[in-house]
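Notes follow the structure.
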Amino acid sequence: MSTKKSPKKQRPQGIPITLDQALQKEILGVLLIALGGVTALALLSITRGTLSKAWSMSLRRIFGWGAYPMVLLLLVAGLLFLWDDLRKRLSIPTRSIVALEILFVALLGLSHLVIAPGQSLLAAEKGQGGGYIGWAVSYFLIAAVGRTISFLILLLAIFVSICLLFRLNWNEWVVILGKIKTRLKSLAPPPQPVEPVRTPQIVLREKKRLAQEQLSTPQKAPIEVPSTPVRTRRMRQERGLPPLDLLNGSANEPYGDADVRYKKQIIEETLASFGVPVKVVEINQGPTVTQFGVEPGFVETPEPDGQIRRRKVRVSRIMTLQDDLALALAASPIRIEAPVPGRSVVGIEVPNSSPSLVNLRCVMESKAFRSIDSKLRIALGLDVSGQPVAADLAQMPHLLIAGATGSGKSVCMNSITACLLFNNTPEDLQLLMVDPKMVELTAFNGIPHLVAPVVTEVEEVVRAFHWVTKQMDERYRLFSEMGARNIDVYNQLMASRGQAKLPNMVILIDELADLMVSAPEEIEHAICRIAQLARATGIHLVIATQRPSVDIITGLIKANFPARISFAVTSQIDSRVILDTAGAEKLLGRGDMLYMAPDSSKLIRLQGCFVSDEQLERLVNFWREKIDWLVPQAEANAPWHDVDLEEEGDDLLQQAIELTRGRSSISTSFIQRHLRIGYPRAARLIDQMEELGIVGPAENAGRSRRVLINEYDFQDEEKWDEYTTE
């Protein structure tokens, strides 16, 4: 008998209610926060309901004093479920969670060991100690190994959990304990010296000895030793040098930024948001920028085997976030020095909101300046930590300065000149100043250190360089006769014989670009020859330019100037020309500079010294009052007025005469292009050919000259010899 199965009744198809996963996390987070808040109110006995009292008493019985940390755990868990960003940022590893659990249980058990034996369970029922969990842990440990061993086991568990939680190894514990020991020693009062027992016989014997010494030793008046500034002032007066009182006061303005802590927090948070954990370990405030020393942290990455590997943050990752830091700090531009020379940190240099001036007198009175035993010492400025920086021009031995208009280049030249004038008399130093712009160095006209008035004409510059070259050769001849190696040895020999010494010579050129455009070949040749050979003779070059391009600062010139200063430039290309690296394009201007020392390739950021026109005028007037000019300086002949430039140009004169062959007219620009020389040299060759009768006077407003000789004159050897030998 077959039975038919009745079909199952179909449930009505309704619309299923599903919750999004994110919404589920938010609901769970709200519930956990609410439960934590209610539990906190119950534990603090703020609510008076029966249910809340029962709930709080149950928690106390289970966890004892650990019920309060449970409230914090509920609140943190609720926040982690609500905010995904917070959960991703914390990213607590499993090892840390296990360490927290071990620490929590060990503390609960340890809290029951301090309770008297036999009262442990009663205290747990009252909600004291570690509750039932702490009672159970302590009970089983005491039953197994005893109370003393249980105490040691729980302490060991706490120690292990702390090591796991903070990732501390044995070496780090040794360092921490050493710091604690040092701190305790510093807090302890110093031991009081124990005075020896002085009997009446010993006191009487000492009095007799002192009385005999006073009778046998003649009394001398006490010698008063003046302080260092007083001694320095007296020495300057004895040498006839100007006093430093001609400069403004030595107190510098206070540094600008007072919110360095806020900027430190921004740097750490900004880099951490890009996955680059760092820590600012030092802050150095300077007059223009504040340098934050950043120590790279560690990044944890999971491995395929489940372990977590710690890797040090690469310095290149910090460098790539330079623009993001500038945006977060609202300061542009910032400069990152990675790493800082001599320290294991990355330097982030942030401009101050209000830069401060650096007085020249402050640096000249500093220990760094006075410790240099040289008459050619110069003050450069203050570094990013506010420390004075000085250098010796004799050791450089030449200095190249570059910077855009208004960056502080001319002020630097003035401060260098002022340092030389403060430390040298005219017998010790001679100055040759070249200023094609005729606005900066002309203020020094009239001082006795100048070998001639400030040179402003390009043709005079070429003659002056030829004169300096002859002076250099003459000094080498004198050194050879005396068997001296350099100017210092020669001057020592002359001083021992009571004869006159040779002064040092410094050539200052305020704008090299104007000279290189007008006479590139002559200027480059003269500068390179002086820079290569003149160090031993006491001749030094200080050259400045506002156009650091490859056609102005050529490879030959740059190779002979290891010491360089770059102020703010307009492009990264200019920075690479002057410093061989980028960075000068991010300077702030107004004296902010990068200094490359001759003995190091690392750049030092400085705020240059400022000296005003009033201070320079007082210094120049001091030296002008020391001399009595027999003739006005503008009318005095320069020592190179009789230098004959044509002595070295006979070969070019013959080539210029050869260019006139077969031509009816010739111009200065034609000779300049074909012989590849400057315009002044080509003009002199035209004038010489006019004196020889080869070309006529200027025609067409001086643009061309008519050729007076023909092809037969070139073929006639006697005629040709007459032209080339006259």
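Just remember, in the structure tokens the first chain shown is A, the second B, etc., residues are 1-based per chain, and ligands are 1-based in the order shown.
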
Worksheet item: Hey, what's within 7 Å of range 287-304 of chain A if we count only C-alpha atoms and toss same-chain stuff fewer than 6 positions away? As a ChimeraX atom specification, please?
Response: /A:255,277-281,310-313,345-352,355-357,384,386,607

Worksheet item: Could you pull out all residues of range 269-418 of chain A with a DSSP call of strand (DSSP E or B) and give them as an MDAnalysis selection string?
Response: chainID A and resid 278:285 289:296 298:302 308:312 335:337 346:351 359 377:383 388:392 399:402

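The interatomic distance for the pair CA of Thr545 in chain A and CA of Tyr595 in chain A works out to 15.4 Å.
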
Discussion item. Could you list, as a ChimeraX atom specification, every residue within 12 Å of Leu579 in chain A, counting only C-alpha atoms and ignoring same-chain residues fewer than 3 positions away?
Written reply: /A:400-403,548-549,553,558-559,561-569,572-576,582-585,593-598,601-604

Practice prompt. Within 10 Å of Asp323 in chain A, counting only C-alpha atoms, which residues show up once you throw out same-chain ones fewer than 3 positions away? Write them as an MDAnalysis selection string, please.
Written response: chainID A and resid 319:320 326:329 331:335

Restrict the selected residues to C-alpha atoms and save them as a tab-separated table (two decimals), in the first residue's frame.
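After the write, again.tsv holds the following:
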chain	number	residue	atom	x	y	z
A	319	MET	CA	63.76	62.93	0.70
A	320	THR	CA	60.84	62.23	-1.65
A	326	ALA	CA	56.59	72.05	2.91
A	327	LEU	CA	52.81	71.94	2.39
A	328	ALA	CA	52.11	70.68	5.91
A	329	LEU	CA	54.43	73.23	7.53
A	331	ALA	CA	56.87	76.98	4.77
A	332	SER	CA	58.57	77.02	1.42
A	333	PRO	CA	61.17	76.19	0.48
A	334	ILE	CA	62.53	73.64	2.94
A	335	ARG	CA	65.84	71.83	2.54

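CA of Ile539 in chain A sits 26.4 Å away from CA of Glu365 in chain A.
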
Fill in: Pairwise distance for CA of Cys528 in chain A and CA of Gln492 in chain A, rounded to one decimal in Å
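Here the two named atoms are 28.7 Å from each other.
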
Item to complete: Fewer than 4 positions away in the same chain doesn't count, so skip those; otherwise give me all residues within 8 Å of range 57-62 of chain A, counting only C-alpha atoms, as a list in words.
Response: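 With the cut-off at 8 Å, the set is Lys53, Gly66, Ala67, Ala124, Glu125, Lys126, Gly127, Gln128, Gly130, Gly131, Tyr132 and Ile133 of chain A.
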
Would you mind exporting N, CA, C and O atoms of the selected residues as a PDB file, in the first residue's frame?
ATOM      1  N   LYS A  53      24.240  47.382  39.976  1.00  0.00           N
ATOM      2  CA  LYS A  53      25.007  46.933  41.134  1.00  0.00           C
ATOM      3  C   LYS A  53      25.416  45.481  40.995  1.00  0.00           C
ATOM      4  O   LYS A  53      26.552  45.094  41.319  1.00  0.00           O
ATOM      5  N   GLY A  66      41.205  44.362  38.693  1.00  0.00           N
ATOM      6  CA  GLY A  66      41.353  44.410  37.229  1.00  0.00           C
ATOM      7  C   GLY A  66      40.082  44.773  36.502  1.00  0.00           C
ATOM      8  O   GLY A  66      40.074  44.804  35.263  1.00  0.00           O
ATOM      9  N   ALA A  67      38.967  45.026  37.245  1.00  0.00           N
ATOM     10  CA  ALA A  67      37.720  45.416  36.570  1.00  0.00           C
ATOM     11  C   ALA A  67      37.847  46.786  35.925  1.00  0.00           C
ATOM     12  O   ALA A  67      37.224  47.061  34.900  1.00  0.00           O
ATOM     13  N   ALA A 124      38.458  37.548  47.276  1.00  0.00           N
ATOM     14  CA  ALA A 124      37.913  37.465  45.921  1.00  0.00           C
ATOM     15  C   ALA A 124      36.408  37.608  45.917  1.00  0.00           C
ATOM     16  O   ALA A 124      35.825  38.244  45.023  1.00  0.00           O
ATOM     17  N   GLU A 125      35.707  37.024  46.923  1.00  0.00           N
ATOM     18  CA  GLU A 125      34.247  37.159  46.991  1.00  0.00           C
ATOM     19  C   GLU A 125      33.841  38.602  47.264  1.00  0.00           C
ATOM     20  O   GLU A 125      32.772  39.046  46.828  1.00  0.00           O
ATOM     21  N   LYS A 126      34.708  39.365  47.944  1.00  0.00           N
ATOM     22  CA  LYS A 126      34.408  40.777  48.204  1.00  0.00           C
ATOM     23  C   LYS A 126      34.822  41.684  47.043  1.00  0.00           C
ATOM     24  O   LYS A 126      34.624  42.886  47.107  1.00  0.00           O
ATOM     25  N   GLY A 127      35.438  41.121  45.994  1.00  0.00           N
ATOM     26  CA  GLY A 127      35.858  41.937  44.847  1.00  0.00           C
ATOM     27  C   GLY A 127      37.199  42.592  45.033  1.00  0.00           C
ATOM     28  O   GLY A 127      37.501  43.593  44.371  1.00  0.00           O
ATOM     29  N   GLN A 128      38.037  42.054  45.931  1.00  0.00           N
ATOM     30  CA  GLN A 128      39.349  42.615  46.179  1.00  0.00           C
ATOM     31  C   GLN A 128      40.421  41.765  45.514  1.00  0.00           C
ATOM     32  O   GLN A 128      40.168  40.654  45.051  1.00  0.00           O
ATOM     33  N   GLY A 130      42.809  40.136  42.932  1.00  0.00           N
ATOM     34  CA  GLY A 130      42.627  39.812  41.518  1.00  0.00           C
ATOM     35  C   GLY A 130      41.350  39.067  41.217  1.00  0.00           C
ATOM     36  O   GLY A 130      41.224  38.494  40.121  1.00  0.00           O
ATOM     37  N   GLY A 131      40.388  39.060  42.148  1.00  0.00           N
ATOM     38  CA  GLY A 131      39.136  38.358  41.901  1.00  0.00           C
ATOM     39  C   GLY A 131      39.334  36.853  41.861  1.00  0.00           C
ATOM     40  O   GLY A 131      40.341  36.306  42.324  1.00  0.00           O
ATOM     41  N   TYR A 132      38.325  36.197  41.288  1.00  0.00           N
ATOM     42  CA  TYR A 132      38.412  34.744  41.186  1.00  0.00           C
ATOM     43  C   TYR A 132      39.567  34.311  40.268  1.00  0.00           C
ATOM     44  O   TYR A 132      40.187  33.268  40.492  1.00  0.00           O
ATOM     45  N   ILE A 133      39.855  35.100  39.212  1.00  0.00           N
ATOM     46  CA  ILE A 133      40.961  34.738  38.310  1.00  0.00           C
ATOM     47  C   ILE A 133      42.293  34.822  39.050  1.00  0.00           C
ATOM     48  O   ILE A 133      43.123  33.909  38.983  1.00  0.00           O
TER      49      ILE A 133
END

Discussion item. Env of range 135-137 of chain A: 10 Å cut, atoms = only C-alpha atoms, seq-sep filter 5 positions within chain, self excluded. Answer as a PyMOL selection string.
Written reply: chain A and resi 62-64+105-106+108-113+120-125+129-130+142+150+154

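All residues in range 332-370 of chain A with a DSSP state of helix (DSSP H, G or I), computed from the backbone, read Leu360, Arg361, Cys362, Val363, Met364, Lys367, Ala368, Phe369 and Arg370 of chain A.
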
Residues just named, written with N, CA and C atoms as a short mmCIF file (atom, residue, chain, number, x, y, z; two decimals), in the first residue's frame:
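Okay, this is what ended up in part09.cif:
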data_model
loop_
_atom_site.label_atom_id
_atom_site.label_comp_id
_atom_site.auth_asym_id
_atom_site.auth_seq_id
_atom_site.Cartn_x
_atom_site.Cartn_y
_atom_site.Cartn_z
N LEU A 360 78.42 91.64 12.16
CA LEU A 360 79.81 91.26 11.90
C LEU A 360 80.62 91.25 13.19
N ARG A 361 80.35 92.17 14.07
CA ARG A 361 81.12 92.24 15.32
C ARG A 361 80.91 91.00 16.17
N CYS A 362 79.69 90.44 16.15
CA CYS A 362 79.41 89.23 16.94
C CYS A 362 80.33 88.09 16.53
N VAL A 363 80.53 87.89 15.22
CA VAL A 363 81.37 86.79 14.75
C VAL A 363 82.84 87.11 14.98
N MET A 364 83.25 88.37 14.81
CA MET A 364 84.65 88.73 14.99
C MET A 364 85.09 88.62 16.44
N LYS A 367 84.93 83.03 19.73
CA LYS A 367 86.11 82.19 19.93
C LYS A 367 86.55 81.54 18.62
N ALA A 368 85.59 81.21 17.77
CA ALA A 368 85.92 80.57 16.49
C ALA A 368 86.76 81.50 15.61
N PHE A 369 86.49 82.79 15.66
CA PHE A 369 87.25 83.74 14.86
C PHE A 369 88.61 84.02 15.49
N ARG A 370 88.65 84.21 16.81
CA ARG A 370 89.91 84.55 17.47
C ARG A 370 90.88 83.37 17.53
#
